[in-house]
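Trainee: This is coords-v3.tsv (TSV, C-alpha atoms).
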```
chain	number	residue	atom	x	y	z
A	1	MET	CA	-24.23	13.43	2.90
A	2	ALA	CA	-20.99	12.53	4.68
A	3	MET	CA	-21.14	11.94	8.40
A	4	SER	CA	-19.46	14.67	10.43
A	5	GLU	CA	-16.76	14.05	13.01
A	6	SER	CA	-19.12	15.07	15.82
A	7	GLN	CA	-21.73	12.56	14.60
A	8	LEU	CA	-19.09	9.83	14.53
A	9	LYS	CA	-17.98	10.69	18.06
A	10	LYS	CA	-21.56	10.39	19.25
A	11	MET	CA	-22.00	7.06	17.45
A	12	LEU	CA	-18.77	5.71	18.94
A	13	ALA	CA	-19.32	7.07	22.45
A	14	LYS	CA	-18.83	3.62	24.04
A	15	TYR	CA	-15.67	2.78	22.12
A	16	LYS	CA	-12.58	2.54	24.30
A	17	TYR	CA	-10.35	4.41	21.83
A	18	ARG	CA	-13.01	6.62	20.32
A	19	ASP	CA	-10.81	9.42	18.98
A	20	LEU	CA	-8.44	7.03	17.19
A	21	THR	CA	-11.39	5.18	15.67
A	22	VAL	CA	-13.05	8.43	14.56
A	23	GLN	CA	-9.81	9.62	12.99
A	24	GLU	CA	-9.37	6.45	10.92
A	25	THR	CA	-13.04	6.23	9.99
A	26	THR	CA	-13.02	9.83	8.76
A	27	SER	CA	-9.96	9.09	6.64
A	28	VAL	CA	-11.63	6.02	5.09
A	29	ILE	CA	-14.98	7.59	4.24
A	30	THR	CA	-13.19	10.61	2.78
A	31	GLN	CA	-11.14	8.43	0.43
A	32	TYR	CA	-13.69	5.66	-0.20
A	33	LYS	CA	-16.94	7.55	-0.46
A	34	ASP	CA	-19.07	4.43	-1.06
A	35	LEU	CA	-18.27	3.13	2.44
A	36	LYS	CA	-20.67	4.38	5.13
A	37	PRO	CA	-20.54	4.02	8.93
A	38	VAL	CA	-23.47	1.99	10.26
A	39	MET	CA	-24.27	1.10	13.89
A	40	ASP	CA	-25.86	-2.33	14.36
A	41	ALA	CA	-25.78	-5.47	16.51
A	42	TYR	CA	-23.01	-7.92	15.69
A	43	VAL	CA	-23.74	-11.51	16.75
A	44	PHE	CA	-20.71	-13.58	17.72
A	45	ASN	CA	-20.53	-17.33	17.15
A	46	ASP	CA	-21.23	-18.05	20.82
A	47	GLY	CA	-24.58	-16.27	20.50
A	48	SER	CA	-23.58	-13.09	22.33
A	49	SER	CA	-24.14	-9.78	20.59
A	50	ARG	CA	-22.75	-6.29	20.85
A	51	ASP	CA	-23.59	-2.97	19.23
A	52	LEU	CA	-20.70	-2.22	16.89
A	53	MET	CA	-20.04	0.15	14.05
A	54	SER	CA	-19.36	-1.20	10.59
A	55	LEU	CA	-18.10	0.43	7.43
A	56	THR	CA	-20.47	-0.92	4.82
A	57	GLY	CA	-20.49	-0.32	1.07
A	58	THR	CA	-18.23	-0.99	-1.90
A	59	ILE	CA	-14.57	-0.63	-2.80
A	60	PRO	CA	-13.27	-0.26	-6.38
A	61	VAL	CA	-11.32	-3.32	-7.55
A	62	PRO	CA	-9.56	-3.37	-10.94
A	63	TYR	CA	-9.85	-6.75	-12.69
A	64	ARG	CA	-8.82	-7.54	-16.26
A	65	GLY	CA	-9.02	-3.97	-17.46
A	66	ASN	CA	-12.30	-3.07	-15.75
A	67	THR	CA	-13.11	-1.70	-12.30
A	68	TYR	CA	-15.74	-3.50	-10.21
A	69	ASN	CA	-17.46	-2.34	-7.03
A	70	ILE	CA	-17.00	-5.14	-4.51
A	71	PRO	CA	-19.41	-4.98	-1.54
A	72	ILE	CA	-17.77	-5.37	1.86
A	73	CYS	CA	-18.59	-4.85	5.54
A	74	LEU	CA	-15.84	-4.04	8.07
A	75	TRP	CA	-16.99	-4.44	11.69
A	76	LEU	CA	-14.92	-2.44	14.17
A	77	LEU	CA	-14.69	-3.92	17.64
A	78	ASP	CA	-15.06	-1.49	20.54
A	79	THR	CA	-11.37	-2.07	21.24
A	80	TYR	CA	-10.36	-0.91	17.77
A	81	PRO	CA	-7.62	-0.12	16.63
A	82	TYR	CA	-5.87	-2.48	19.04
A	83	ASN	CA	-7.87	-5.42	17.67
A	84	PRO	CA	-8.45	-5.98	13.94
A	85	PRO	CA	-11.79	-5.49	12.20
A	86	ILE	CA	-14.05	-8.45	11.42
A	87	CYS	CA	-14.42	-8.36	7.66
A	88	PHE	CA	-16.97	-9.80	5.26
A	89	VAL	CA	-17.81	-9.73	1.61
A	90	LYS	CA	-21.53	-8.87	1.39
A	91	PRO	CA	-22.79	-10.00	-2.02
A	92	THR	CA	-25.91	-8.42	-3.50
A	93	SER	CA	-28.83	-10.50	-4.72
A	94	SER	CA	-27.20	-10.68	-8.16
A	95	MET	CA	-23.90	-12.01	-6.81
A	96	THR	CA	-22.60	-15.29	-5.42
A	97	ILE	CA	-19.63	-15.65	-3.09
A	98	LYS	CA	-16.57	-17.24	-4.68
A	99	THR	CA	-14.84	-19.13	-1.91
A	100	GLY	CA	-11.09	-19.44	-1.74
A	101	LYS	CA	-8.16	-19.08	0.62
A	102	HIS	CA	-9.20	-15.52	1.48
A	103	VAL	CA	-13.01	-15.84	1.66
A	104	ASP	CA	-15.17	-18.59	3.17
A	105	ALA	CA	-18.75	-19.60	2.30
A	106	ASN	CA	-20.14	-17.03	4.75
A	107	GLY	CA	-18.19	-14.26	3.07
A	108	LYS	CA	-15.76	-13.86	5.95
A	109	ILE	CA	-12.41	-12.47	4.82
A	110	TYR	CA	-9.10	-13.99	5.94
A	111	LEU	CA	-5.86	-12.11	5.32
A	112	PRO	CA	-2.38	-12.28	6.87
A	113	TYR	CA	-2.69	-8.52	7.29
A	114	LEU	CA	-5.61	-9.10	9.67
A	115	HIS	CA	-3.92	-11.94	11.49
A	116	GLU	CA	-0.76	-9.88	12.07
A	117	TRP	CA	-2.66	-6.70	12.92
A	118	LYS	CA	-0.75	-4.35	15.16
A	119	HIS	CA	-1.54	-0.68	15.83
A	120	PRO	CA	-0.24	1.75	14.58
A	121	GLN	CA	1.49	-0.15	11.76
A	122	SER	CA	-1.90	-1.55	10.68
A	123	ASP	CA	-4.84	0.62	9.74
A	124	LEU	CA	-8.07	0.62	7.73
A	125	ILE	CA	-6.63	2.37	4.68
A	126	GLY	CA	-3.84	-0.20	4.48
A	127	LEU	CA	-6.33	-3.03	4.95
A	128	ILE	CA	-8.55	-1.78	2.13
A	129	GLN	CA	-5.54	-1.39	-0.16
A	130	ILE	CA	-4.56	-5.00	0.52
A	131	MET	CA	-8.14	-6.13	-0.18
A	132	ILE	CA	-8.15	-4.27	-3.49
A	133	VAL	CA	-4.91	-5.99	-4.49
A	134	VAL	CA	-5.99	-9.47	-3.32
A	135	PHE	CA	-9.49	-9.23	-4.82
A	136	GLY	CA	-7.98	-7.97	-8.07
A	137	GLU	CA	-6.05	-11.23	-8.27
A	138	GLU	CA	-8.85	-13.45	-6.99
A	139	PRO	CA	-12.34	-11.87	-7.11
A	140	PRO	CA	-14.46	-12.83	-4.06
A	141	VAL	CA	-17.80	-12.74	-5.91
A	142	PHE	CA	-19.18	-13.54	-9.33
A	143	SER	CA	-22.46	-12.79	-11.06
A	144	ARG	CA	-25.31	-15.12	-10.24
A	145	PRO	CA	-26.69	-16.94	-13.31
A	146	THR	CA	-29.88	-15.34	-14.62
A	147	THR	CA	-31.66	-18.71	-14.73
A	148	ALA	CA	-32.01	-20.25	-11.32
A	149	ALA	CA	-30.30	-23.59	-10.95
A	150	PRO	CA	-29.98	-25.81	-7.90
A	151	PHE	CA	-26.53	-25.82	-6.37
A	152	GLN	CA	-24.81	-27.28	-3.37
A	153	PRO	CA	-23.65	-24.89	-0.64
A	154	TYR	CA	-19.96	-24.05	-0.79
A	155	GLN	CA	-17.82	-25.37	1.99
A	156	ALA	CA	-15.68	-22.85	3.81
A	157	THR	CA	-12.06	-23.09	2.71
A	158	GLY	CA	-10.70	-20.30	4.88
A	159	PRO	CA	-9.25	-20.86	8.33
A	160	PRO	CA	-11.65	-21.79	11.14
A	161	ASN	CA	-13.25	-18.88	12.96
A	162	THR	CA	-11.30	-19.63	16.12
A	163	SER	CA	-8.19	-18.22	14.47
A	164	TYR	CA	-9.75	-14.76	14.65
A	165	MET	CA	-11.52	-12.63	17.16
A	166	PRO	CA	-15.26	-13.51	17.03
A	167	GLY	CA	-16.78	-16.83	17.89
A	168	MET	CA	-14.53	-17.82	20.77
A	169	PRO	CA	-15.76	-20.68	22.98
A	170	SER	CA	-18.11	-19.87	25.84
A	171	GLY	CA	-16.38	-18.36	28.82
A	172	ILE	CA	-13.52	-16.88	26.80
A	173	SER	CA	-13.47	-13.18	26.04
A	174	PRO	CA	-13.96	-12.39	22.37
A	175	TYR	CA	-11.17	-9.83	22.75
A	176	PRO	CA	-7.96	-11.77	23.52
A	177	PRO	CA	-5.04	-9.66	24.73
A	178	GLY	CA	-2.58	-10.88	22.13
A	179	HIS	CA	-2.48	-12.31	18.66
A	180	PRO	CA	-4.02	-15.80	18.33
A	181	PRO	CA	-2.03	-18.60	16.69
A	182	ASN	CA	-2.12	-18.86	12.91
A	183	PRO	CA	-3.60	-22.26	11.97
A	184	SER	CA	-4.12	-21.22	8.36
A	185	GLY	CA	-0.55	-21.84	7.32
A	186	TYR	CA	-0.42	-18.60	5.35
A	187	PRO	CA	3.06	-17.11	5.05
A	188	GLY	CA	2.87	-13.79	6.86
A	189	TYR	CA	3.81	-10.59	5.07
A	190	PRO	CA	7.27	-9.69	6.39
A	191	TYR	CA	6.46	-6.36	7.96
A	192	PRO	CA	9.24	-5.73	10.46
A	193	PRO	CA	8.06	-6.38	14.03
A	194	GLY	CA	8.49	-4.11	16.99
A	195	GLY	CA	8.70	-0.35	16.71
A	196	PRO	CA	7.89	1.56	13.54
A	197	PHE	CA	11.58	2.02	12.73
A	198	PRO	CA	13.45	-1.31	12.89
A	199	ALA	CA	17.03	-1.07	14.07
A	200	THR	CA	19.49	-1.50	11.22
A	201	THR	CA	21.72	-3.63	13.43
A	202	SER	CA	19.18	-6.41	13.81
A	203	GLY	CA	19.09	-9.53	11.65
A	204	GLN	CA	17.84	-9.02	8.11
A	205	HIS	CA	14.27	-10.05	7.38
A	206	TYR	CA	14.88	-9.96	3.66
A	207	PRO	CA	17.83	-11.41	1.77
A	208	SER	CA	19.98	-8.79	0.12
A	209	GLN	CA	19.68	-8.79	-3.65
A	210	PRO	CA	22.97	-7.58	-5.15
A	211	PRO	CA	23.37	-7.70	-8.93
A	212	ALA	CA	24.84	-10.91	-10.28
A	213	THR	CA	28.53	-10.75	-11.19
A	214	THR	CA	29.30	-14.33	-12.22
A	215	VAL	CA	30.82	-15.36	-15.55
A	216	ALA	CA	27.48	-16.85	-16.55
A	217	ASP	CA	26.05	-13.36	-16.20
A	218	ALA	CA	27.40	-12.60	-19.66
A	219	ARG	CA	24.41	-14.51	-20.97
A	220	ARG	CA	21.97	-13.10	-18.44
A	221	LYS	CA	18.38	-12.46	-19.40
A	222	GLN	CA	17.06	-9.02	-20.14
A	223	LYS	CA	16.32	-7.23	-16.86
A	224	GLN	CA	12.90	-5.67	-16.37
A	225	VAL	CA	13.12	-2.23	-14.77
A	226	TRP	CA	10.04	-0.39	-13.51
A	227	ILE	CA	10.30	3.32	-12.69
A	228	CYS	CA	7.20	4.30	-10.73
A	229	GLY	CA	6.16	7.60	-9.22
A	230	HIS	CA	4.39	10.93	-9.44
A	231	SER	CA	4.77	13.76	-11.98
A	232	TYR	CA	8.59	13.74	-11.77
A	233	VAL	CA	8.54	10.26	-13.34
A	234	PHE	CA	5.81	11.24	-15.81
A	235	TRP	CA	7.85	14.21	-17.10
A	236	ALA	CA	11.14	12.29	-16.87
A	237	GLU	CA	9.84	9.84	-19.48
A	238	LYS	CA	8.62	12.72	-21.69
A	239	ARG	CA	12.02	14.40	-21.43
A	240	ALA	CA	13.87	11.14	-22.14
A	241	LEU	CA	11.83	10.70	-25.33
A	242	ALA	CA	12.99	14.13	-26.50
A	243	ARG	CA	16.66	13.44	-25.80
A	244	SER	CA	19.13	11.42	-27.86
A	245	PHE	CA	19.43	8.70	-25.20
A	246	GLY	CA	15.68	7.99	-25.44
A	247	PRO	CA	13.37	6.27	-22.92
A	248	GLN	CA	16.01	3.60	-22.31
A	249	LEU	CA	18.30	6.33	-20.90
A	250	GLY	CA	21.02	4.94	-23.15
A	251	ILE	CA	20.82	1.43	-21.62
A	252	ARG	CA	20.98	-1.35	-24.22
A	253	VAL	CA	17.64	-3.07	-24.63
A	254	GLU	CA	19.51	-6.40	-24.64
A	255	ASP	CA	20.52	-5.67	-21.06
A	256	ALA	CA	17.33	-4.16	-19.68
A	257	LYS	CA	13.89	-2.93	-20.65
A	258	LEU	CA	12.76	0.24	-18.87
A	259	HIS	CA	9.05	0.69	-18.10
A	260	TRP	CA	7.93	4.16	-16.97
A	261	ILE	CA	4.89	4.24	-14.66
A	262	GLY	CA	4.34	7.90	-13.87
A	263	LYS	CA	1.12	9.57	-12.71
A	264	SER	CA	0.77	13.30	-12.11
A	265	GLY	CA	-0.39	14.03	-8.56
A	266	MET	CA	0.17	10.44	-7.43
A	267	MET	CA	-0.01	9.87	-3.67
A	268	TRP	CA	1.68	7.10	-1.71
A	269	ASP	CA	-1.54	5.16	-1.04
A	270	GLN	CA	-1.93	4.67	-4.82
A	271	LEU	CA	1.35	2.77	-5.12
A	272	ILE	CA	0.19	-0.78	-4.36
A	273	SER	CA	-2.81	-0.67	-6.70
A	274	THR	CA	-0.68	0.98	-9.42
A	275	VAL	CA	2.00	-1.69	-9.14
A	276	PHE	CA	-0.48	-4.55	-9.29
A	277	HIS	CA	-2.33	-2.96	-12.19
A	278	ALA	CA	0.98	-2.70	-14.07
A	279	ARG	CA	1.68	-6.34	-13.28
A	280	ARG	CA	-1.22	-7.36	-15.51
A	281	ARG	CA	0.53	-6.03	-18.61
A	282	LEU	CA	4.23	-6.12	-17.74
A	283	PRO	CA	6.70	-8.85	-16.73
A	284	ASP	CA	7.53	-8.79	-13.04
A	285	PRO	CA	10.29	-6.29	-12.25
A	286	ASP	CA	13.88	-7.26	-11.51
A	287	VAL	CA	14.48	-3.66	-10.43
A	288	LEU	CA	11.74	-1.36	-9.10
A	289	VAL	CA	12.54	2.33	-8.69
A	290	ILE	CA	10.03	4.30	-6.59
A	291	HIS	CA	9.93	8.09	-6.59
A	292	LEU	CA	6.96	8.98	-4.44
A	293	GLY	CA	5.94	10.51	-1.12
A	294	GLY	CA	6.61	14.18	-1.82
A	295	ASN	CA	2.94	14.89	-2.47
A	296	ASP	CA	2.03	13.30	0.88
A	297	LEU	CA	4.14	15.64	3.00
A	298	GLY	CA	1.94	18.03	4.93
A	299	THR	CA	-1.24	16.06	4.24
A	300	THR	CA	-0.96	13.63	7.15
A	301	LYS	CA	1.23	12.94	10.18
A	302	LEU	CA	4.89	12.34	9.38
A	303	LEU	CA	5.05	9.15	11.45
A	304	ASP	CA	2.06	7.73	9.56
A	305	ILE	CA	3.75	8.45	6.23
A	306	ILE	CA	6.96	6.71	7.28
A	307	ILE	CA	5.10	3.68	8.67
A	308	ARG	CA	3.04	3.28	5.50
A	309	ILE	CA	6.07	3.58	3.23
A	310	LYS	CA	7.95	0.91	5.16
A	311	ARG	CA	4.92	-1.36	5.31
A	312	ASP	CA	4.25	-1.13	1.57
A	313	LEU	CA	7.90	-1.57	0.62
A	314	GLY	CA	7.94	-4.72	2.75
A	315	PHE	CA	4.80	-5.97	1.04
A	316	ILE	CA	6.28	-5.34	-2.43
A	317	LYS	CA	9.49	-7.09	-1.40
A	318	GLN	CA	7.47	-10.14	-0.39
A	319	THR	CA	5.32	-10.08	-3.54
A	320	PHE	CA	8.19	-9.80	-6.02
A	321	LYS	CA	10.57	-12.29	-4.43
A	322	ASN	CA	13.81	-11.35	-6.22
A	323	VAL	CA	13.20	-7.67	-6.91
A	324	ILE	CA	15.84	-5.05	-6.18
A	325	LEU	CA	14.06	-2.09	-4.61
A	326	VAL	CA	15.40	1.41	-5.25
A	327	TRP	CA	14.17	4.40	-3.26
A	328	SER	CA	14.48	7.71	-5.10
A	329	ASN	CA	14.83	10.43	-2.46
A	330	ILE	CA	12.12	13.07	-2.18
A	331	VAL	CA	13.59	16.09	-3.93
A	332	PRO	CA	13.52	19.52	-2.21
A	333	ARG	CA	11.16	22.06	-3.74
A	334	LYS	CA	11.07	25.82	-3.97
A	335	ALA	CA	7.40	25.73	-2.98
A	336	TRP	CA	5.32	23.04	-1.26
A	337	ASN	CA	1.82	24.47	-1.72
A	338	GLN	CA	0.95	23.55	1.86
A	339	GLU	CA	-0.17	25.63	4.84
A	340	GLU	CA	2.93	24.60	6.79
A	341	SER	CA	6.10	26.68	6.57
A	342	TYR	CA	8.80	25.88	4.02
A	343	LYS	CA	11.24	25.09	6.84
A	344	PHE	CA	8.80	22.62	8.42
A	345	MET	CA	8.12	20.87	5.09
A	346	ASP	CA	11.78	20.55	4.17
A	347	LYS	CA	12.61	19.22	7.63
A	348	ASN	CA	9.97	16.51	7.20
A	349	ARG	CA	11.29	15.69	3.73
A	350	LYS	CA	14.76	15.10	5.17
A	351	LYS	CA	13.34	12.92	7.96
A	352	VAL	CA	11.47	10.70	5.50
A	353	ASN	CA	14.55	10.31	3.29
A	354	LYS	CA	16.73	9.48	6.30
A	355	GLU	CA	14.37	6.88	7.77
A	356	ILE	CA	13.62	5.21	4.43
A	357	GLY	CA	17.31	5.27	3.57
A	358	LYS	CA	18.00	3.25	6.72
A	359	PHE	CA	15.15	0.91	5.89
A	360	MET	CA	16.43	0.31	2.33
A	361	LYS	CA	19.79	-0.68	3.75
A	362	PHE	CA	17.99	-3.00	6.15
A	363	ILE	CA	16.19	-4.85	3.31
A	364	GLY	CA	19.09	-4.84	0.86
A	365	GLY	CA	17.78	-2.02	-1.34
A	366	TYR	CA	19.38	1.06	-2.87
A	367	VAL	CA	18.91	4.83	-2.67
A	368	ILE	CA	19.15	7.54	-5.34
A	369	SER	CA	20.10	10.69	-3.44
A	370	HIS	CA	19.62	13.45	-6.10
A	371	ASP	CA	22.25	15.58	-4.33
A	372	SER	CA	22.48	18.05	-7.23
A	373	LEU	CA	18.77	18.86	-7.27
A	374	VAL	CA	18.62	21.73	-4.79
A	375	PRO	CA	16.59	24.96	-5.07
A	376	GLU	CA	19.77	27.04	-4.83
A	377	SER	CA	20.96	25.72	-8.21
A	378	PRO	CA	19.69	28.13	-10.89
A	379	GLY	CA	17.53	26.81	-13.69
A	380	LEU	CA	16.72	23.38	-12.27
A	381	PHE	CA	13.13	24.07	-11.20
A	382	HIS	CA	9.97	25.03	-13.03
A	383	LEU	CA	8.51	28.47	-12.38
A	384	ASP	CA	5.88	26.90	-10.09
A	385	GLY	CA	8.67	25.86	-7.70
A	386	VAL	CA	7.34	22.29	-7.53
A	387	LEU	CA	8.21	20.59	-10.80
A	388	LEU	CA	11.67	20.35	-12.30
A	389	SER	CA	12.68	22.32	-15.39
A	390	GLN	CA	13.91	20.52	-18.49
A	391	SER	CA	17.48	20.85	-17.24
A	392	GLY	CA	16.45	19.63	-13.80
A	393	THR	CA	14.67	16.65	-15.35
A	394	ASP	CA	17.85	15.82	-17.29
A	395	VAL	CA	19.75	15.75	-13.99
A	396	PHE	CA	16.99	13.57	-12.48
A	397	ASN	CA	17.33	11.09	-15.35
A	398	LEU	CA	21.11	11.01	-15.08
A	399	ASP	CA	20.74	10.22	-11.38
A	400	LEU	CA	18.47	7.31	-12.30
A	401	LEU	CA	20.93	6.10	-14.92
A	402	SER	CA	23.92	6.18	-12.58
A	403	VAL	CA	22.25	3.74	-10.17
A	404	LEU	CA	20.56	1.55	-12.82
A	405	GLU	CA	23.88	1.00	-14.61
A	406	SER	CA	25.30	-0.49	-11.41
A	407	LEU	CA	22.34	-2.89	-11.05
A	408	ILE	CA	22.02	-4.18	-14.62
```
Can I see the file as structure tokens?

Mentor:
Amino acid sequence: MAMSESQLKKMLAKYKYRDLTVQETTSVITQYKDLKPVMDAYVFNDGSSRDLMSLTGTIPVPYRGNTYNIPICLWLLDTYPYNPPICFVKPTSSMTIKTGKHVDANGKIYLPYLHEWKHPQSDLIGLIQIMIVVFGEEPPVFSRPTTAAPFQPYQATGPPNTSYMPGMPSGISPYPPGHPPNPSGYPGYPYPPGGPFPATTSGQHYPSQPPATTVADARRKQKQVWICGHSYVFWAEKRALARSFGPQLGIRVEDAKLHWIGKSGMMWDQLISTVFHARRRLPDPDVLVIHLGGNDLGTTKLLDIIIRIKRDLGFIKQTFKNVILVWSNIVPRKAWNQEESYKFMDKNRKKVNKEIGKFMKFIGGYVISHDSLVPESPGLFHLDGVLLSQSGTDVFNLDLLSVLESLI
């Protein structure tokens, strides 16, 4: 039985930012139902202890075509969310910790995301998404052999504990006011610093990636184009298959190969795991088109949506070094299927498109505006008012093509 908000508030009565912590915890245990809040004593390296809440349980990690439940424990300091959680892998009796650059012999987890933690850009949902991605590339545990065999203890290969919150020397508060230095040498993910909306006039954090136009480009390699998003992308591929231009949208396969990654009902927080799952079977993208976010409007605070979109786009930009990112604007709908008014929903849609449009310019990306897809145009929307009609999907595909042709 899920813990109620009132129970969480009682459990976290001594937390400095109780309501913020309750809000995030509720979001996590709603989405990751195998994680449970537990109150227990956490012992720091200097021997001191404090009653803290942890989120303990498993998270689903896709690895080589299968999904594994990886046991973790996220301790929330009583100053959360202004200090990062203390995170561990907690292997069962049938598992052994696999040490590496992200996990030491004690199971402690080290991530740039933790080291660069800053509220409100950083949160538990984002942290768990990063863990799922990282553990999908490098699993933190493996099955213990059925026959017992002597083995030498693993040596910790992660950064020393002093680079993070717990275990500070005697006399020093375990809750430092700022971010500690980074002795690990990890390259930080390039999430823009400062406010949630970086000024477009500041220096670029990411090099612009314009399409090559040199003479040698005549012999350029085939570009890999990923088109990722919710049901609009799913039905766009279906419609393209039924049309004469086909799933390549008329683009020569010698120039580019289009890969459609569409999931009906897809939400923004599924993007990172979807992209990394696709990476197992597809070549890395040269161009990545993202049409997503419309299903998130009205489900959470607008500022949170914008922050998460920017954060994840920055993470993708860092992961795929030379990728050209393309943001496909959230299309207006005739109906939003939300409790909020149509006017409120459409206003938020425009705000997201405007802010992400600025951000794409900031990181050297591109925007597909879909100016023709408006509810006032007859015949472009399905009867449900949410999906596009066949004619509307044709317009959607032509909008994709017009931008892709300029990038290939």

Trainee: What's the 9 Å shell around Tyr113 in chain A, counting all atoms listed in the file, without same-chain residues fewer than 2 positions away, as a list in words?

Mentor: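 My reading of the contact set: Tyr110, Leu111, His115, Glu116, Trp117, Ser122, Gly126, Leu127, Ile130, Gly188 and Tyr189 of chain A.
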
Trainee: Fewer than 2 positions away in the same chain doesn't count, so skip those; otherwise give me all residues within 10 Å of Asp34 in chain A, counting all atoms listed in the file, as an NGL selection string.

Mentor: :A and (28-32 or 36 or 55-60 or 69 or 71)

Trainee: Please provide as a VMD selection string all residues within 9 Å of range 387-396 of chain A, with the sequence filter that same-chain residues fewer than 4 positions apart are discarded (counting only C-alpha atoms).

Mentor: chain A and resid 231 to 232 235 to 236 239 to 240 243 333 370 372 to 373 379 to 383 400 to 401

Trainee: Which value, in Å to one decimal, gives the distance between CA of Val331 in chain A and CA of Ser377 in chain A?

Mentor: 12.9 Å

Trainee: Enumerate, as a PyMOL selection string, the protein, DNA and RNA residues whose atoms approach (-16.6, -16.9, -0.5) to within 10 Å, taking into account all atoms listed in the file and the coordinate frame of the file.

Mentor: chain A and resi 88-91+96-109+139-142+154-158

Trainee: Given all atoms listed in the file as the basis, pick out the residue of A:Ser244, A:Ser402, A:Asn348, A:Asn337 nearest to Val367 in chain A.

Mentor: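 Under the stated criterion, the closest residue is A:Ser402.
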
Trainee: Name the residues within 7 Å of (12.8, 3.5, -21.6), counting only C-alpha atoms in the file's coordinates, and put them as a PyMOL selection string.

Mentor: chain A and resi 246-249+257-260

Trainee: Do you have the CA of Gln23 in chain A-CA of Lys301 in chain A distance handy?

Mentor: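 Computed distance, CA of Gln23 in chain A to CA of Lys301 in chain A, equals 11.9 Å.
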
Trainee: Just to confirm, what's the straight-line distance from CA of Val61 in chain A to CA of Lys33 in chain A in Å (one decimal)?

Mentor: 14.1 Å

Trainee: Here is a test: counting only C-alpha atoms, which residue of A:Ala278, A:Leu303, A:Ile363, A:Val287 is nearest to Gly65 in chain A?

Mentor: A:Ala278

Trainee: Looking at A:Arg144, A:Lys358, A:Arg64, A:Lys9, which one is nearest to Ser93 in chain A, with distances taken over all atoms listed in the file?

Mentor: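 Looking only at the distances to Ser93 in chain A, the closest residue turns out to be A:Arg144.
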
Trainee: Considering all atoms listed in the file, state which residue in the set A:Gln121, A:Leu292, A:Leu77, A:Tyr63 is at the smallest distance from Glu138 in chain A.

Mentor: A:Tyr63

Trainee: Taking N, CA, C and O atoms as the atom set, what does range 259-269 of chain A look like once completed, written as a compact mmCIF listing (two decimals), in the frame of the given file?

Mentor:
```
# COMPACT_ATOMS: atom_id res chain seq x y z
N HIS A 259 10.49 0.42 -18.05
CA HIS A 259 9.05 0.69 -18.10
C HIS A 259 8.76 1.88 -17.18
O HIS A 259 9.02 1.81 -15.97
N TRP A 260 8.22 2.95 -17.73
CA TRP A 260 7.93 4.16 -16.97
C TRP A 260 6.47 4.12 -16.51
O TRP A 260 5.56 3.98 -17.33
N ILE A 261 6.24 4.25 -15.22
CA ILE A 261 4.89 4.24 -14.66
C ILE A 261 4.72 5.51 -13.84
O ILE A 261 4.88 5.53 -12.61
N GLY A 262 4.44 6.61 -14.53
CA GLY A 262 4.34 7.90 -13.87
C GLY A 262 2.93 8.45 -13.92
O GLY A 262 2.26 8.39 -14.96
N LYS A 263 2.46 8.99 -12.80
CA LYS A 263 1.12 9.57 -12.71
C LYS A 263 1.21 10.93 -12.02
O LYS A 263 1.66 11.03 -10.89
N SER A 264 0.76 11.97 -12.72
CA SER A 264 0.77 13.30 -12.11
C SER A 264 -0.13 13.32 -10.87
O SER A 264 -1.24 12.80 -10.90
N GLY A 265 0.39 13.92 -9.80
CA GLY A 265 -0.39 14.03 -8.56
C GLY A 265 -0.48 12.76 -7.75
O GLY A 265 -1.22 12.70 -6.77
N MET A 266 0.26 11.74 -8.10
CA MET A 266 0.17 10.44 -7.43
C MET A 266 0.55 10.55 -5.96
O MET A 266 1.52 11.20 -5.59
N MET A 267 -0.26 9.92 -5.11
CA MET A 267 -0.01 9.87 -3.67
C MET A 267 0.50 8.48 -3.30
O MET A 267 0.35 7.51 -4.06
N TRP A 268 1.09 8.38 -2.10
CA TRP A 268 1.68 7.10 -1.71
C TRP A 268 0.65 5.96 -1.67
O TRP A 268 0.95 4.85 -2.07
N ASP A 269 -0.57 6.24 -1.19
CA ASP A 269 -1.54 5.16 -1.04
C ASP A 269 -2.03 4.62 -2.38
O ASP A 269 -2.80 3.66 -2.42
```
